[in-house]
Amino acid sequence: MTMTMTPTEPSSKHPRPAPAFAHVAVWIFDLDNTLYPASSRLFDQVDRRIGEFIAETFALDPAAARALQKHYFRTYGTTLRGLMSERGVDPHHFLDYVHRIDRTALSPDPALEAALARLAGRKLVFTNGSADHAEKVMERLGIAHHFEAVFDVVAAGFLPKPDPACYRLLLERHAIAPEAAAMVDDIARNLEPAHELGMTTVWLMAETEFATLGEKEDAHIHHRASDLVAFLEAVAAARAVGPSG
């Protein structure tokens, strides 16, 4: 596990993050490549389906479809937003198509379930995907019962992360005080609006194609972790002991 230390925290193999998270009453988690590991390659299926959707819808060869897909992602935050803005694509049809995947690569994760059980506070999922996809993933992992809500791109009015408007809508819809919230996401740039609103941010450093977008200018990243379960276990253990224990 890797995380940024504050000056008062000891630099050791087993950091004690309690002071940094003692105020957190609400935990906001991204879904894809965050609640499940990127090594499962599950999101790779979604990524391929997006390319196939573009190729079939606009009669493009795979290379041209891929280039358009990634251009929209970089420009708009999600490929869907670009397709809606520039091509008038029906978002519900798109989401249904791209999330028609095989989730059997995921299996129950007892370690994650236990870590979430020990983590005090409300827990929500904040995803640029669909609620249906999120719920199916969480059921496969055996962790759905820990989350009170999924705030998906549909609930956000199809405004994706990192558009600041969808973060404000999330906070309003679920009565969250940003200064009492922590957000965990594998894409660094998605944490910038959270930081601006006053949330504590945690970058889960997954080895994915776009994970490091926004990482170089990292004042908006308060903490870094390479293993979600280890990070959550450390937070829960340190909070149980207390800052002076």
# chains A, B, ... in the order shown; residues from 1 in each chain; ligands from 1
call {"tool": "residues_around", "arguments": {"residues": "range 117-130 of chain A", "least_positions_apart": "2", "cutoff": "6 Å", "atoms": "only C-alpha atoms", "output": "list in words"}}
result
Ala25, Val26, Trp27, Ile28, Phe29, Asp30, Leu31, Ala114, Ala115, Asp132, His133, Phe147, Glu148, Ala149, Val150, Phe151, Asp152, Val153, Pro160 and Ala236 of chain A
call {"tool": "write_last_selection", "arguments": {"atoms": "N, CA and C atoms", "output": "PDB file, in the first residue's frame"}}
result
ATOM      1  N   ALA A  25     -17.349  10.790   7.307  1.00  0.00           N
ATOM      2  CA  ALA A  25     -18.612  10.124   7.623  1.00  0.00           C
ATOM      3  C   ALA A  25     -19.237   9.471   6.394  1.00  0.00           C
ATOM      4  N   VAL A  26     -18.753   9.840   5.206  1.00  0.00           N
ATOM      5  CA  VAL A  26     -19.294   9.301   3.959  1.00  0.00           C
ATOM      6  C   VAL A  26     -18.141   8.904   3.043  1.00  0.00           C
ATOM      7  N   TRP A  27     -18.202   7.673   2.540  1.00  0.00           N
ATOM      8  CA  TRP A  27     -17.197   7.159   1.601  1.00  0.00           C
ATOM      9  C   TRP A  27     -17.827   7.024   0.227  1.00  0.00           C
ATOM     10  N   ILE A  28     -17.206   7.642  -0.761  1.00  0.00           N
ATOM     11  CA  ILE A  28     -17.701   7.636  -2.138  1.00  0.00           C
ATOM     12  C   ILE A  28     -16.683   6.882  -2.995  1.00  0.00           C
ATOM     13  N   PHE A  29     -17.120   5.774  -3.577  1.00  0.00           N
ATOM     14  CA  PHE A  29     -16.229   4.916  -4.356  1.00  0.00           C
ATOM     15  C   PHE A  29     -16.606   4.928  -5.828  1.00  0.00           C
ATOM     16  N   ASP A  30     -15.600   5.032  -6.672  1.00  0.00           N
ATOM     17  CA  ASP A  30     -15.777   4.712  -8.080  1.00  0.00           C
ATOM     18  C   ASP A  30     -16.030   3.206  -8.173  1.00  0.00           C
ATOM     19  N   LEU A  31     -16.494   2.756  -9.330  1.00  0.00           N
ATOM     20  CA  LEU A  31     -16.780   1.331  -9.508  1.00  0.00           C
ATOM     21  C   LEU A  31     -15.686   0.611 -10.282  1.00  0.00           C
ATOM     22  N   ALA A 114     -15.087  -7.830   4.106  1.00  0.00           N
ATOM     23  CA  ALA A 114     -14.735  -7.639   5.514  1.00  0.00           C
ATOM     24  C   ALA A 114     -14.183  -6.241   5.759  1.00  0.00           C
ATOM     25  N   ALA A 115     -13.386  -5.741   4.830  1.00  0.00           N
ATOM     26  CA  ALA A 115     -12.817  -4.396   4.981  1.00  0.00           C
ATOM     27  C   ALA A 115     -13.910  -3.335   4.959  1.00  0.00           C
ATOM     28  N   ASP A 132     -27.353  -0.330 -13.227  1.00  0.00           N
ATOM     29  CA  ASP A 132     -27.554  -1.762 -13.458  1.00  0.00           C
ATOM     30  C   ASP A 132     -26.213  -2.489 -13.493  1.00  0.00           C
ATOM     31  N   HIS A 133     -25.250  -1.936 -14.209  1.00  0.00           N
ATOM     32  CA  HIS A 133     -23.909  -2.531 -14.274  1.00  0.00           C
ATOM     33  C   HIS A 133     -23.278  -2.557 -12.884  1.00  0.00           C
ATOM     34  N   PHE A 147     -23.605  -0.772   0.514  1.00  0.00           N
ATOM     35  CA  PHE A 147     -23.782   0.512  -0.170  1.00  0.00           C
ATOM     36  C   PHE A 147     -25.235   0.952  -0.136  1.00  0.00           C
ATOM     37  N   GLU A 148     -25.437   2.196   0.274  1.00  0.00           N
ATOM     38  CA  GLU A 148     -26.805   2.714   0.369  1.00  0.00           C
ATOM     39  C   GLU A 148     -27.347   3.183  -0.969  1.00  0.00           C
ATOM     40  N   ALA A 149     -26.465   3.502  -1.931  1.00  0.00           N
ATOM     41  CA  ALA A 149     -26.946   4.022  -3.211  1.00  0.00           C
ATOM     42  C   ALA A 149     -25.852   3.927  -4.264  1.00  0.00           C
ATOM     43  N   VAL A 150     -26.305   3.917  -5.514  1.00  0.00           N
ATOM     44  CA  VAL A 150     -25.420   4.069  -6.671  1.00  0.00           C
ATOM     45  C   VAL A 150     -25.831   5.353  -7.377  1.00  0.00           C
ATOM     46  N   PHE A 151     -24.887   6.273  -7.510  1.00  0.00           N
ATOM     47  CA  PHE A 151     -25.136   7.499  -8.271  1.00  0.00           C
ATOM     48  C   PHE A 151     -24.436   7.313  -9.608  1.00  0.00           C
ATOM     49  N   ASP A 152     -25.239   7.013 -10.639  1.00  0.00           N
ATOM     50  CA  ASP A 152     -24.666   6.683 -11.938  1.00  0.00           C
ATOM     51  C   ASP A 152     -24.782   7.851 -12.908  1.00  0.00           C
ATOM     52  N   VAL A 153     -24.332   7.621 -14.131  1.00  0.00           N
ATOM     53  CA  VAL A 153     -24.327   8.707 -15.114  1.00  0.00           C
ATOM     54  C   VAL A 153     -25.743   9.130 -15.493  1.00  0.00           C
ATOM     55  N   PRO A 160     -20.784  13.429 -16.981  1.00  0.00           N
ATOM     56  CA  PRO A 160     -19.871  12.461 -16.371  1.00  0.00           C
ATOM     57  C   PRO A 160     -18.801  13.119 -15.517  1.00  0.00           C
ATOM     58  N   ALA A 236      -9.483   1.527   8.812  1.00  0.00           N
ATOM     59  CA  ALA A 236     -10.394   1.007   9.847  1.00  0.00           C
ATOM     60  C   ALA A 236      -9.635   0.682  11.129  1.00  0.00           C
TER      61      ALA A 236
END
call {"tool": "select_by_dssp", "arguments": {"residues": "range 20-150 of chain A", "states": "helix (DSSP H, G or I)", "output": "PyMOL selection string"}}
result
chain A and resi 20-21+38-40+42-58+62-76+79-87+91-98+110-118+131-141+144-146
call {"tool": "residues_around", "arguments": {"residues": "range 192-196 of chain A", "least_positions_apart": "2", "cutoff": "9 Å", "atoms": "only C-alpha atoms", "output": "PDB file with all heavy atoms, in the first residue's frame"}}
result
ATOM      1  N   LYS A 161     -18.191  12.326 -14.646  1.00  0.00           N
ATOM      2  CA  LYS A 161     -16.936  12.765 -14.039  1.00  0.00           C
ATOM      3  C   LYS A 161     -15.949  13.023 -15.168  1.00  0.00           C
ATOM      4  O   LYS A 161     -15.921  12.249 -16.133  1.00  0.00           O
ATOM      5  CB  LYS A 161     -16.378  11.670 -13.123  1.00  0.00           C
ATOM      6  CG  LYS A 161     -17.224  11.362 -11.906  1.00  0.00           C
ATOM      7  CD  LYS A 161     -16.604  10.278 -11.032  1.00  0.00           C
ATOM      8  CE  LYS A 161     -16.784   8.900 -11.615  1.00  0.00           C
ATOM      9  NZ  LYS A 161     -16.290   7.826 -10.707  1.00  0.00           N
ATOM     10  N   PRO A 162     -15.145  14.071 -15.124  1.00  0.00           N
ATOM     11  CA  PRO A 162     -14.935  15.010 -14.026  1.00  0.00           C
ATOM     12  C   PRO A 162     -15.700  16.335 -14.144  1.00  0.00           C
ATOM     13  O   PRO A 162     -15.214  17.359 -13.661  1.00  0.00           O
ATOM     14  CB  PRO A 162     -13.434  15.265 -14.116  1.00  0.00           C
ATOM     15  CG  PRO A 162     -13.152  15.248 -15.590  1.00  0.00           C
ATOM     16  CD  PRO A 162     -14.080  14.192 -16.144  1.00  0.00           C
ATOM     17  N   ASP A 163     -16.873  16.351 -14.759  1.00  0.00           N
ATOM     18  CA  ASP A 163     -17.672  17.578 -14.814  1.00  0.00           C
ATOM     19  C   ASP A 163     -18.092  17.955 -13.394  1.00  0.00           C
ATOM     20  O   ASP A 163     -18.776  17.177 -12.717  1.00  0.00           O
ATOM     21  CB  ASP A 163     -18.912  17.353 -15.684  1.00  0.00           C
ATOM     22  CG  ASP A 163     -19.679  18.634 -15.964  1.00  0.00           C
ATOM     23  OD1 ASP A 163     -19.898  19.415 -15.010  1.00  0.00           O
ATOM     24  OD2 ASP A 163     -20.084  18.838 -17.117  1.00  0.00           O
ATOM     25  N   PRO A 164     -17.721  19.127 -12.893  1.00  0.00           N
ATOM     26  CA  PRO A 164     -18.043  19.494 -11.500  1.00  0.00           C
ATOM     27  C   PRO A 164     -19.533  19.465 -11.182  1.00  0.00           C
ATOM     28  O   PRO A 164     -19.919  19.231 -10.035  1.00  0.00           O
ATOM     29  CB  PRO A 164     -17.480  20.917 -11.378  1.00  0.00           C
ATOM     30  CG  PRO A 164     -16.407  20.999 -12.414  1.00  0.00           C
ATOM     31  CD  PRO A 164     -16.901  20.169 -13.556  1.00  0.00           C
ATOM     32  N   TYR A 167     -20.767  16.253  -9.510  1.00  0.00           N
ATOM     33  CA  TYR A 167     -20.339  16.106  -8.114  1.00  0.00           C
ATOM     34  C   TYR A 167     -21.273  16.900  -7.204  1.00  0.00           C
ATOM     35  O   TYR A 167     -21.668  16.411  -6.145  1.00  0.00           O
ATOM     36  CB  TYR A 167     -18.902  16.605  -7.939  1.00  0.00           C
ATOM     37  CG  TYR A 167     -17.859  15.813  -8.674  1.00  0.00           C
ATOM     38  CD1 TYR A 167     -17.776  15.849 -10.069  1.00  0.00           C
ATOM     39  CD2 TYR A 167     -16.917  15.052  -7.989  1.00  0.00           C
ATOM     40  CE1 TYR A 167     -16.816  15.138 -10.748  1.00  0.00           C
ATOM     41  CE2 TYR A 167     -15.940  14.342  -8.661  1.00  0.00           C
ATOM     42  CZ  TYR A 167     -15.890  14.384 -10.044  1.00  0.00           C
ATOM     43  OH  TYR A 167     -14.931  13.679 -10.718  1.00  0.00           O
ATOM     44  N   PRO A 178     -19.438  17.884   1.887  1.00  0.00           N
ATOM     45  CA  PRO A 178     -18.170  17.491   1.259  1.00  0.00           C
ATOM     46  C   PRO A 178     -16.998  17.412   2.218  1.00  0.00           C
ATOM     47  O   PRO A 178     -16.121  16.558   2.071  1.00  0.00           O
ATOM     48  CB  PRO A 178     -17.961  18.568   0.184  1.00  0.00           C
ATOM     49  CG  PRO A 178     -18.825  19.707   0.586  1.00  0.00           C
ATOM     50  CD  PRO A 178     -19.993  19.113   1.287  1.00  0.00           C
ATOM     51  N   ALA A 182     -15.003  11.324   1.803  1.00  0.00           N
ATOM     52  CA  ALA A 182     -13.780  10.907   1.123  1.00  0.00           C
ATOM     53  C   ALA A 182     -14.169  10.219  -0.176  1.00  0.00           C
ATOM     54  O   ALA A 182     -15.141   9.452  -0.213  1.00  0.00           O
ATOM     55  CB  ALA A 182     -12.960   9.960   1.992  1.00  0.00           C
ATOM     56  N   MET A 183     -13.430  10.501  -1.247  1.00  0.00           N
ATOM     57  CA  MET A 183     -13.708   9.896  -2.549  1.00  0.00           C
ATOM     58  C   MET A 183     -12.513   9.091  -3.007  1.00  0.00           C
ATOM     59  O   MET A 183     -11.372   9.551  -2.944  1.00  0.00           O
ATOM     60  CB  MET A 183     -14.048  10.974  -3.583  1.00  0.00           C
ATOM     61  CG  MET A 183     -14.338  10.411  -4.963  1.00  0.00           C
ATOM     62  SD  MET A 183     -14.991  11.668  -6.092  1.00  0.00           S
ATOM     63  CE  MET A 183     -14.846  10.770  -7.658  1.00  0.00           C
ATOM     64  N   ALA A 188      -7.020   9.769 -11.796  1.00  0.00           N
ATOM     65  CA  ALA A 188      -6.577  10.908 -10.986  1.00  0.00           C
ATOM     66  C   ALA A 188      -7.369  12.169 -11.283  1.00  0.00           C
ATOM     67  O   ALA A 188      -7.724  12.923 -10.364  1.00  0.00           O
ATOM     68  CB  ALA A 188      -5.085  11.151 -11.211  1.00  0.00           C
ATOM     69  N   ARG A 189      -7.683  12.434 -12.537  1.00  0.00           N
ATOM     70  CA  ARG A 189      -8.362  13.691 -12.866  1.00  0.00           C
ATOM     71  C   ARG A 189      -9.773  13.749 -12.288  1.00  0.00           C
ATOM     72  O   ARG A 189     -10.320  14.831 -12.080  1.00  0.00           O
ATOM     73  CB  ARG A 189      -8.394  13.905 -14.380  1.00  0.00           C
ATOM     74  CG  ARG A 189      -9.408  13.062 -15.139  1.00  0.00           C
ATOM     75  CD  ARG A 189      -9.421  13.440 -16.603  1.00  0.00           C
ATOM     76  NE  ARG A 189     -10.409  12.669 -17.351  1.00  0.00           N
ATOM     77  CZ  ARG A 189     -10.574  12.746 -18.670  1.00  0.00           C
ATOM     78  NH1 ARG A 189      -9.800  13.561 -19.383  1.00  0.00           N
ATOM     79  NH2 ARG A 189     -11.477  12.023 -19.280  1.00  0.00           N
ATOM     80  N   ASN A 190     -10.366  12.590 -12.015  1.00  0.00           N
ATOM     81  CA  ASN A 190     -11.714  12.577 -11.443  1.00  0.00           C
ATOM     82  C   ASN A 190     -11.737  13.068 -10.003  1.00  0.00           C
ATOM     83  O   ASN A 190     -12.819  13.356  -9.467  1.00  0.00           O
ATOM     84  CB  ASN A 190     -12.305  11.167 -11.507  1.00  0.00           C
ATOM     85  CG  ASN A 190     -12.681  10.753 -12.916  1.00  0.00           C
ATOM     86  OD1 ASN A 190     -12.731  11.580 -13.821  1.00  0.00           O
ATOM     87  ND2 ASN A 190     -12.927   9.477 -13.100  1.00  0.00           N
ATOM     88  N   GLY A 198     -14.022  20.235  -1.404  1.00  0.00           N
ATOM     89  CA  GLY A 198     -13.664  20.050   0.000  1.00  0.00           C
ATOM     90  C   GLY A 198     -13.583  18.617   0.475  1.00  0.00           C
ATOM     91  O   GLY A 198     -13.422  18.362   1.668  1.00  0.00           O
ATOM     92  N   MET A 199     -13.705  17.653  -0.443  1.00  0.00           N
ATOM     93  CA  MET A 199     -13.602  16.249  -0.052  1.00  0.00           C
ATOM     94  C   MET A 199     -12.144  15.846   0.150  1.00  0.00           C
ATOM     95  O   MET A 199     -11.232  16.443  -0.431  1.00  0.00           O
ATOM     96  CB  MET A 199     -14.209  15.338  -1.121  1.00  0.00           C
ATOM     97  CG  MET A 199     -15.682  15.540  -1.391  1.00  0.00           C
ATOM     98  SD  MET A 199     -16.288  14.266  -2.537  1.00  0.00           S
ATOM     99  CE  MET A 199     -17.509  15.187  -3.464  1.00  0.00           C
ATOM    100  N   THR A 200     -11.954  14.801   0.941  1.00  0.00           N
ATOM    101  CA  THR A 200     -10.662  14.146   1.033  1.00  0.00           C
ATOM    102  C   THR A 200     -10.565  13.167  -0.128  1.00  0.00           C
ATOM    103  O   THR A 200     -11.522  12.429  -0.405  1.00  0.00           O
ATOM    104  CB  THR A 200     -10.526  13.383   2.369  1.00  0.00           C
ATOM    105  OG1 THR A 200     -10.636  14.326   3.439  1.00  0.00           O
ATOM    106  CG2 THR A 200      -9.202  12.651   2.467  1.00  0.00           C
ATOM    107  N   THR A 201      -9.441  13.145  -0.838  1.00  0.00           N
ATOM    108  CA  THR A 201      -9.339  12.332  -2.045  1.00  0.00           C
ATOM    109  C   THR A 201      -8.308  11.222  -1.901  1.00  0.00           C
ATOM    110  O   THR A 201      -7.256  11.404  -1.288  1.00  0.00           O
ATOM    111  CB  THR A 201      -8.986  13.195  -3.264  1.00  0.00           C
ATOM    112  OG1 THR A 201      -7.704  13.823  -3.046  1.00  0.00           O
ATOM    113  CG2 THR A 201     -10.035  14.272  -3.500  1.00  0.00           C
ATOM    114  N   GLY A 214      -4.332  13.605 -15.151  1.00  0.00           N
ATOM    115  CA  GLY A 214      -4.482  14.524 -14.035  1.00  0.00           C
ATOM    116  C   GLY A 214      -3.556  14.250 -12.877  1.00  0.00           C
ATOM    117  O   GLY A 214      -3.580  14.954 -11.878  1.00  0.00           O
ATOM    118  N   ASP A 218      -0.749  17.190  -8.989  1.00  0.00           N
ATOM    119  CA  ASP A 218      -1.414  16.315  -8.030  1.00  0.00           C
ATOM    120  C   ASP A 218      -1.755  16.963  -6.702  1.00  0.00           C
ATOM    121  O   ASP A 218      -1.924  16.267  -5.702  1.00  0.00           O
ATOM    122  CB  ASP A 218      -0.576  15.060  -7.791  1.00  0.00           C
ATOM    123  CG  ASP A 218       0.788  15.372  -7.188  1.00  0.00           C
ATOM    124  OD1 ASP A 218       1.102  16.560  -7.008  1.00  0.00           O
ATOM    125  OD2 ASP A 218       1.529  14.424  -6.896  1.00  0.00           O
ATOM    126  N   ALA A 219      -1.913  18.283  -6.656  1.00  0.00           N
ATOM    127  CA  ALA A 219      -2.319  18.928  -5.405  1.00  0.00           C
ATOM    128  C   ALA A 219      -3.703  18.455  -4.967  1.00  0.00           C
ATOM    129  O   ALA A 219      -4.040  18.526  -3.783  1.00  0.00           O
ATOM    130  CB  ALA A 219      -2.316  20.446  -5.562  1.00  0.00           C
ATOM    131  N   HIS A 220      -4.497  17.960  -5.912  1.00  0.00           N
ATOM    132  CA  HIS A 220      -5.849  17.496  -5.597  1.00  0.00           C
ATOM    133  C   HIS A 220      -5.863  16.051  -5.095  1.00  0.00           C
ATOM    134  O   HIS A 220      -6.927  15.534  -4.763  1.00  0.00           O
ATOM    135  CB  HIS A 220      -6.758  17.632  -6.823  1.00  0.00           C
ATOM    136  CG  HIS A 220      -6.278  16.854  -8.012  1.00  0.00           C
ATOM    137  ND1 HIS A 220      -5.258  17.294  -8.824  1.00  0.00           N
ATOM    138  CD2 HIS A 220      -6.681  15.663  -8.529  1.00  0.00           C
ATOM    139  CE1 HIS A 220      -5.051  16.413  -9.792  1.00  0.00           C
ATOM    140  NE2 HIS A 220      -5.903  15.420  -9.628  1.00  0.00           N
ATOM    141  N   ILE A 221      -4.707  15.411  -5.041  1.00  0.00           N
ATOM    142  CA  ILE A 221      -4.624  14.036  -4.551  1.00  0.00           C
ATOM    143  C   ILE A 221      -4.050  14.060  -3.142  1.00  0.00           C
ATOM    144  O   ILE A 221      -2.871  14.359  -2.937  1.00  0.00           O
ATOM    145  CB  ILE A 221      -3.736  13.173  -5.473  1.00  0.00           C
ATOM    146  CG1 ILE A 221      -4.330  13.124  -6.881  1.00  0.00           C
ATOM    147  CG2 ILE A 221      -3.588  11.764  -4.899  1.00  0.00           C
ATOM    148  CD1 ILE A 221      -3.417  12.486  -7.909  1.00  0.00           C
ATOM    149  N   HIS A 222      -4.878  13.749  -2.157  1.00  0.00           N
ATOM    150  CA  HIS A 222      -4.430  13.775  -0.768  1.00  0.00           C
ATOM    151  C   HIS A 222      -3.731  12.484  -0.357  1.00  0.00           C
ATOM    152  O   HIS A 222      -2.795  12.507   0.433  1.00  0.00           O
ATOM    153  CB  HIS A 222      -5.622  14.013   0.159  1.00  0.00           C
ATOM    154  CG  HIS A 222      -6.314  15.311  -0.082  1.00  0.00           C
ATOM    155  ND1 HIS A 222      -7.682  15.426  -0.134  1.00  0.00           N
ATOM    156  CD2 HIS A 222      -5.824  16.556  -0.305  1.00  0.00           C
ATOM    157  CE1 HIS A 222      -8.016  16.693  -0.364  1.00  0.00           C
ATOM    158  NE2 HIS A 222      -6.909  17.393  -0.480  1.00  0.00           N
TER     159      HIS A 222
END
call {"tool": "select_by_dssp", "arguments": {"residues": "range 44-140 of chain A", "states": "strand (DSSP E or B)", "output": "NGL selection string"}}
result
:A and (122-126)
call {"tool": "closest_residue", "arguments": {"among": "A:Leu68, A:Leu159, A:Ala238, A:Ala38", "to": "Leu106 in chain A", "atoms": "only C-alpha atoms"}}
result
A:Ala38
call {"tool": "closest_residue", "arguments": {"among": "A:Glu179, A:Gly51, A:Gly82, A:Ala206", "to": "Ala67 in chain A", "atoms": "only C-alpha atoms"}}
result
A:Gly51
